[in-house]
>>> print(open('query_20.txt').read())   # compact mmCIF, C-alpha atoms
# COMPACT_ATOMS: atom_id res chain seq x y z
CA MET A 1 -205.50 -15.37 -76.12
CA HIS A 2 -207.95 -12.46 -76.14
CA ARG A 3 -209.84 -14.12 -78.97
CA ARG A 4 -210.37 -17.33 -76.98
CA LEU A 5 -211.59 -15.43 -73.93
CA ARG A 6 -213.93 -13.33 -76.06
CA ILE A 7 -215.40 -16.45 -77.65
CA ARG A 8 -215.67 -18.31 -74.37
CA PHE A 9 -217.20 -15.49 -72.32
CA GLY A 10 -218.51 -13.21 -75.07
CA PRO A 11 -222.16 -14.35 -75.01
CA PHE A 12 -222.33 -14.05 -71.23
CA ALA A 13 -220.42 -10.79 -70.78
CA PRO A 14 -223.45 -8.48 -71.29
CA VAL A 15 -225.54 -10.48 -68.83
CA VAL A 16 -222.80 -10.45 -66.20
CA ILE A 17 -222.30 -6.71 -66.63
CA VAL A 18 -226.04 -5.94 -66.38
CA LEU A 19 -226.45 -8.15 -63.30
CA ALA A 20 -223.41 -6.59 -61.66
CA LEU A 21 -224.63 -3.07 -62.34
CA LEU A 22 -228.15 -3.78 -61.11
CA GLY A 23 -227.10 -5.70 -58.02
CA CYS A 24 -224.07 -3.61 -57.12
CA ALA A 25 -225.19 -0.08 -57.91
CA ARG A 26 -225.03 0.79 -54.22
CA GLY A 27 -221.99 -1.09 -53.05
CA PRO A 28 -220.23 -4.43 -52.73
CA CYS A 29 -221.72 -7.50 -54.36
CA VAL A 30 -221.16 -11.14 -55.17
CA THR A 31 -222.23 -12.66 -58.48
CA ILE A 32 -222.72 -16.43 -58.41
CA VAL A 33 -221.69 -17.99 -61.71
CA GLY A 34 -222.42 -21.55 -62.77
CA ALA A 35 -219.66 -23.94 -63.77
CA ASP A 36 -220.70 -23.33 -67.40
CA GLY A 37 -220.18 -19.56 -67.03
CA THR A 38 -223.87 -18.70 -66.74
CA PRO A 39 -224.63 -16.08 -64.06
CA ARG A 40 -227.13 -17.47 -61.55
CA ALA A 41 -227.67 -14.48 -59.21
CA THR A 42 -226.13 -11.27 -57.93
CA VAL A 43 -226.27 -10.43 -54.24
CA ALA A 44 -225.68 -7.02 -52.66
CA VAL A 45 -223.56 -7.86 -49.62
CA GLU A 46 -222.43 -6.53 -46.32
CA VAL A 47 -218.82 -7.54 -45.75
CA ALA A 48 -217.80 -9.22 -42.49
CA ASN A 49 -214.00 -9.26 -42.66
CA THR A 50 -213.01 -8.70 -39.03
CA GLY A 51 -213.39 -11.04 -36.10
CA ALA A 52 -216.05 -8.85 -34.47
CA GLN A 53 -218.06 -8.53 -37.69
CA ARG A 54 -217.90 -12.27 -38.35
CA GLU A 55 -218.95 -13.04 -34.77
CA LEU A 56 -222.05 -10.82 -34.98
CA GLY A 57 -222.96 -11.80 -38.53
CA LEU A 58 -226.70 -11.57 -39.21
CA MET A 59 -227.77 -12.15 -35.61
CA TYR A 60 -230.77 -10.10 -34.45
CA ARG A 61 -231.84 -9.30 -38.03
CA LYS A 62 -235.57 -9.69 -38.59
CA HIS A 63 -235.41 -9.09 -42.34
CA LEU A 64 -233.01 -9.56 -45.23
CA ASP A 65 -233.87 -8.16 -48.66
CA GLU A 66 -234.42 -10.66 -51.46
CA ASN A 67 -231.06 -10.29 -53.21
CA ALA A 68 -229.04 -9.24 -50.19
CA GLY A 69 -226.70 -11.09 -47.90
CA MET A 70 -223.50 -11.07 -45.91
CA ILE A 71 -220.14 -12.32 -47.12
CA PHE A 72 -217.82 -13.62 -44.41
CA VAL A 73 -214.18 -13.16 -45.44
CA PHE A 74 -211.65 -15.18 -43.45
CA PRO A 75 -207.85 -14.76 -43.34
CA GLU A 76 -207.29 -18.28 -44.68
CA ALA A 77 -209.18 -21.33 -45.85
CA ALA A 78 -210.16 -23.73 -43.04
CA ARG A 79 -213.04 -25.92 -41.95
CA ARG A 80 -215.86 -23.53 -40.95
CA ASN A 81 -218.91 -24.08 -38.78
CA PHE A 82 -221.74 -21.61 -38.22
CA TRP A 83 -224.78 -21.55 -35.99
CA MET A 84 -228.06 -19.64 -35.99
CA HIS A 85 -227.92 -18.41 -32.39
CA ASN A 86 -230.00 -15.21 -32.07
CA THR A 87 -230.79 -15.29 -35.81
CA PRO A 88 -234.57 -15.09 -36.36
CA ILE A 89 -234.57 -15.65 -40.14
CA SER A 90 -233.83 -18.84 -42.07
CA LEU A 91 -230.61 -18.64 -44.08
CA ASP A 92 -228.81 -20.51 -46.83
CA MET A 93 -225.04 -20.64 -46.26
CA ILE A 94 -222.82 -20.91 -49.33
CA PHE A 95 -219.29 -22.08 -48.49
CA ALA A 96 -216.47 -21.32 -50.95
CA ASP A 97 -212.75 -22.08 -51.11
CA ALA A 98 -209.89 -19.59 -51.58
CA ALA A 99 -210.58 -19.45 -55.34
CA GLY A 100 -214.28 -18.64 -54.76
CA ARG A 101 -215.48 -22.09 -55.87
CA VAL A 102 -218.60 -23.22 -54.01
CA THR A 103 -217.66 -26.28 -51.97
CA GLY A 104 -221.00 -26.83 -50.27
CA ILE A 105 -224.31 -25.35 -49.17
CA VAL A 106 -226.30 -25.48 -45.95
CA ALA A 107 -229.88 -24.81 -47.04
CA ASN A 108 -232.66 -23.36 -44.88
CA ALA A 109 -230.76 -23.22 -41.61
CA GLU A 110 -233.20 -23.27 -38.70
CA PRO A 111 -233.61 -19.92 -36.91
CA PHE A 112 -232.27 -19.68 -33.34
CA SER A 113 -230.59 -23.12 -33.52
CA ASP A 114 -227.28 -23.63 -31.72
CA LYS A 115 -226.46 -26.66 -33.89
CA LEU A 116 -223.12 -26.26 -35.66
CA LEU A 117 -223.54 -26.20 -39.45
CA GLY A 118 -220.82 -26.62 -42.06
CA VAL A 119 -219.68 -28.53 -45.11
CA GLU A 120 -216.83 -30.90 -45.90
CA GLY A 121 -213.59 -29.23 -46.85
CA ASP A 122 -212.02 -25.84 -46.26
CA SER A 123 -213.70 -22.49 -46.88
CA GLU A 124 -212.27 -18.98 -47.00
CA TYR A 125 -215.63 -17.37 -47.79
CA VAL A 126 -219.17 -17.98 -46.59
CA LEU A 127 -222.09 -16.15 -48.19
CA GLU A 128 -225.30 -16.01 -46.15
CA VAL A 129 -228.56 -15.30 -47.99
CA ASN A 130 -232.25 -15.88 -47.31
CA GLY A 131 -233.35 -19.47 -46.86
CA GLY A 132 -234.44 -20.99 -50.18
CA PHE A 133 -232.23 -18.65 -52.24
CA CYS A 134 -229.98 -21.44 -53.51
CA ALA A 135 -232.88 -23.64 -54.64
CA LYS A 136 -234.61 -20.68 -56.31
CA ASN A 137 -231.44 -19.75 -58.23
CA ALA A 138 -230.14 -23.30 -58.90
CA ILE A 139 -226.91 -22.63 -57.00
CA LYS A 140 -224.82 -25.73 -56.34
CA PRO A 141 -221.32 -26.90 -55.47
CA GLY A 142 -218.90 -26.19 -58.31
CA ASP A 143 -220.38 -22.75 -59.02
CA ARG A 144 -218.12 -19.74 -58.46
CA LEU A 145 -218.42 -16.56 -56.42
CA ASP A 146 -217.23 -13.42 -58.25
CA PHE A 147 -216.53 -10.51 -55.90
CA SER A 148 -216.98 -6.83 -56.76
CA GLY A 149 -216.59 -3.62 -54.78
CA PHE A 150 -214.69 -4.94 -51.75
CA SER A 151 -211.41 -6.50 -50.68
CA THR A 152 -211.37 -10.29 -50.64
CA HIS A 153 -208.83 -10.25 -47.81
CA ALA A 154 -209.78 -10.30 -44.14
CA SER A 155 -208.85 -7.22 -42.15
CA GLU A 156 -207.84 -9.36 -39.19
>>> encode(input="query_20.txt", output="structure tokens")
Amino acid sequence: MHRRLRIRFGPFAPVVIVLALLGCARGPCVTIVGADGTPRATVAVEVANTGAQRELGLMYRKHLDENAGMIFVFPEAARRNFWMHNTPISLDMIFADAAGRVTGIVANAEPFSDKLLGVEGDSEYVLEVNGGFCAKNAIKPGDRLDFSGFSTHASE
């Protein structure tokens, strides 16, 4: 079994390790991996795993670093909707199921909009990053979120 895993992931392991170390040197991060196992991007994240943290989200933020974001961790998978109320920067929202598989993306959400935004299907995680991030990094449904440096379970 180890031999198969080494062959399957062997060529990508150094890249994943380097990306994880660079992106996560200061704390929690999420690496987005393509369906073929190719790492697409690593994001240093703030974790929103309580009701109060999820409610505030990235509201009132005027800037978000290039490879930074916020991961919303919910207690269970369910249909999720977000809005951009009091959020002055455009965001991409990456929705993922309980296994971390990307189920859908809302790209370039309009700042300050109260329109509810979501994707089909249930999500347990939502990663918010700068608008245009997904297009720039070729992120798409079917990719996977790999978590590092934080609990993947909601605190409440």
>>> atom_distance(input="query_20.txt", atom1="CA of Asn86 (chain A)", atom2="CA of His63 (chain A)")
13.1 Å
>>> closest_residue(input="query_20.txt", among="A:Ser151, A:Asn49, A:Ser113, A:Asn130", to="Trp83 (chain A)", atoms="all atoms listed in the file")
A:Ser113
>>> closest_residue(input="query_20.txt", among="A:Ser155, A:Asn67, A:Thr38, A:Thr50", to="Glu128 (chain A)", atoms="all atoms listed in the file")
A:Asn67
>>> atom_distance(input="query_20.txt", atom1="CA of Pro88 (chain A)", atom2="CA of Gly57 (chain A)")
12.3 Å
>>> residues_near_point(input="query_20.txt", point="(-221.6, -27.4, -59.4)", cutoff="10 Å", atoms="all atoms listed in the file", output="PyMOL selection string")
chain A and resi 33-36+101-104+138-144
>>> residues_near_point(input="query_20.txt", point="(-212.7, -22.8, -46.2)", cutoff="8 Å", atoms="all atoms listed in the file", output="PyMOL selection string")
chain A and resi 76-80+95-98+121-125
>>> closest_residue(input="query_20.txt", among="A:Tyr60, A:His85, A:Gly149, A:Lys136", to="Arg40 (chain A)", atoms="only C-alpha atoms")
A:Lys136
>>> closest_residue(input="query_20.txt", among="A:Ile32, A:Ala135, A:Ala48, A:Val43", to="Gly100 (chain A)", atoms="all atoms listed in the file")
A:Ile32
>>> residues_around(input="query_20.txt", residues="Asn81 (chain A)", least_positions_apart="3", cutoff="9 Å", atoms="all atoms listed in the file", output="PyMOL selection string")
chain A and resi 116-119
>>> closest_residue(input="query_20.txt", among="A:Glu120, A:Glu66, A:Glu110, A:Asp146", to="Gly37 (chain A)", atoms="all atoms listed in the file")
A:Asp146
>>> atom_distance(input="query_20.txt", atom1="CA of Met59 (chain A)", atom2="CA of Val129 (chain A)")
12.8 Å
>>> closest_residue(input="query_20.txt", among="A:Val30, A:Ala107, A:Leu56, A:Leu64", to="Ile94 (chain A)", atoms="all atoms listed in the file")
A:Ala107
>>> residues_around(input="query_20.txt", residues="Thr31 (chain A)", least_positions_apart="6", cutoff="8 Å", atoms="only C-alpha atoms", output="ChimeraX atom specification")
/A:19-20,39-43,145-147
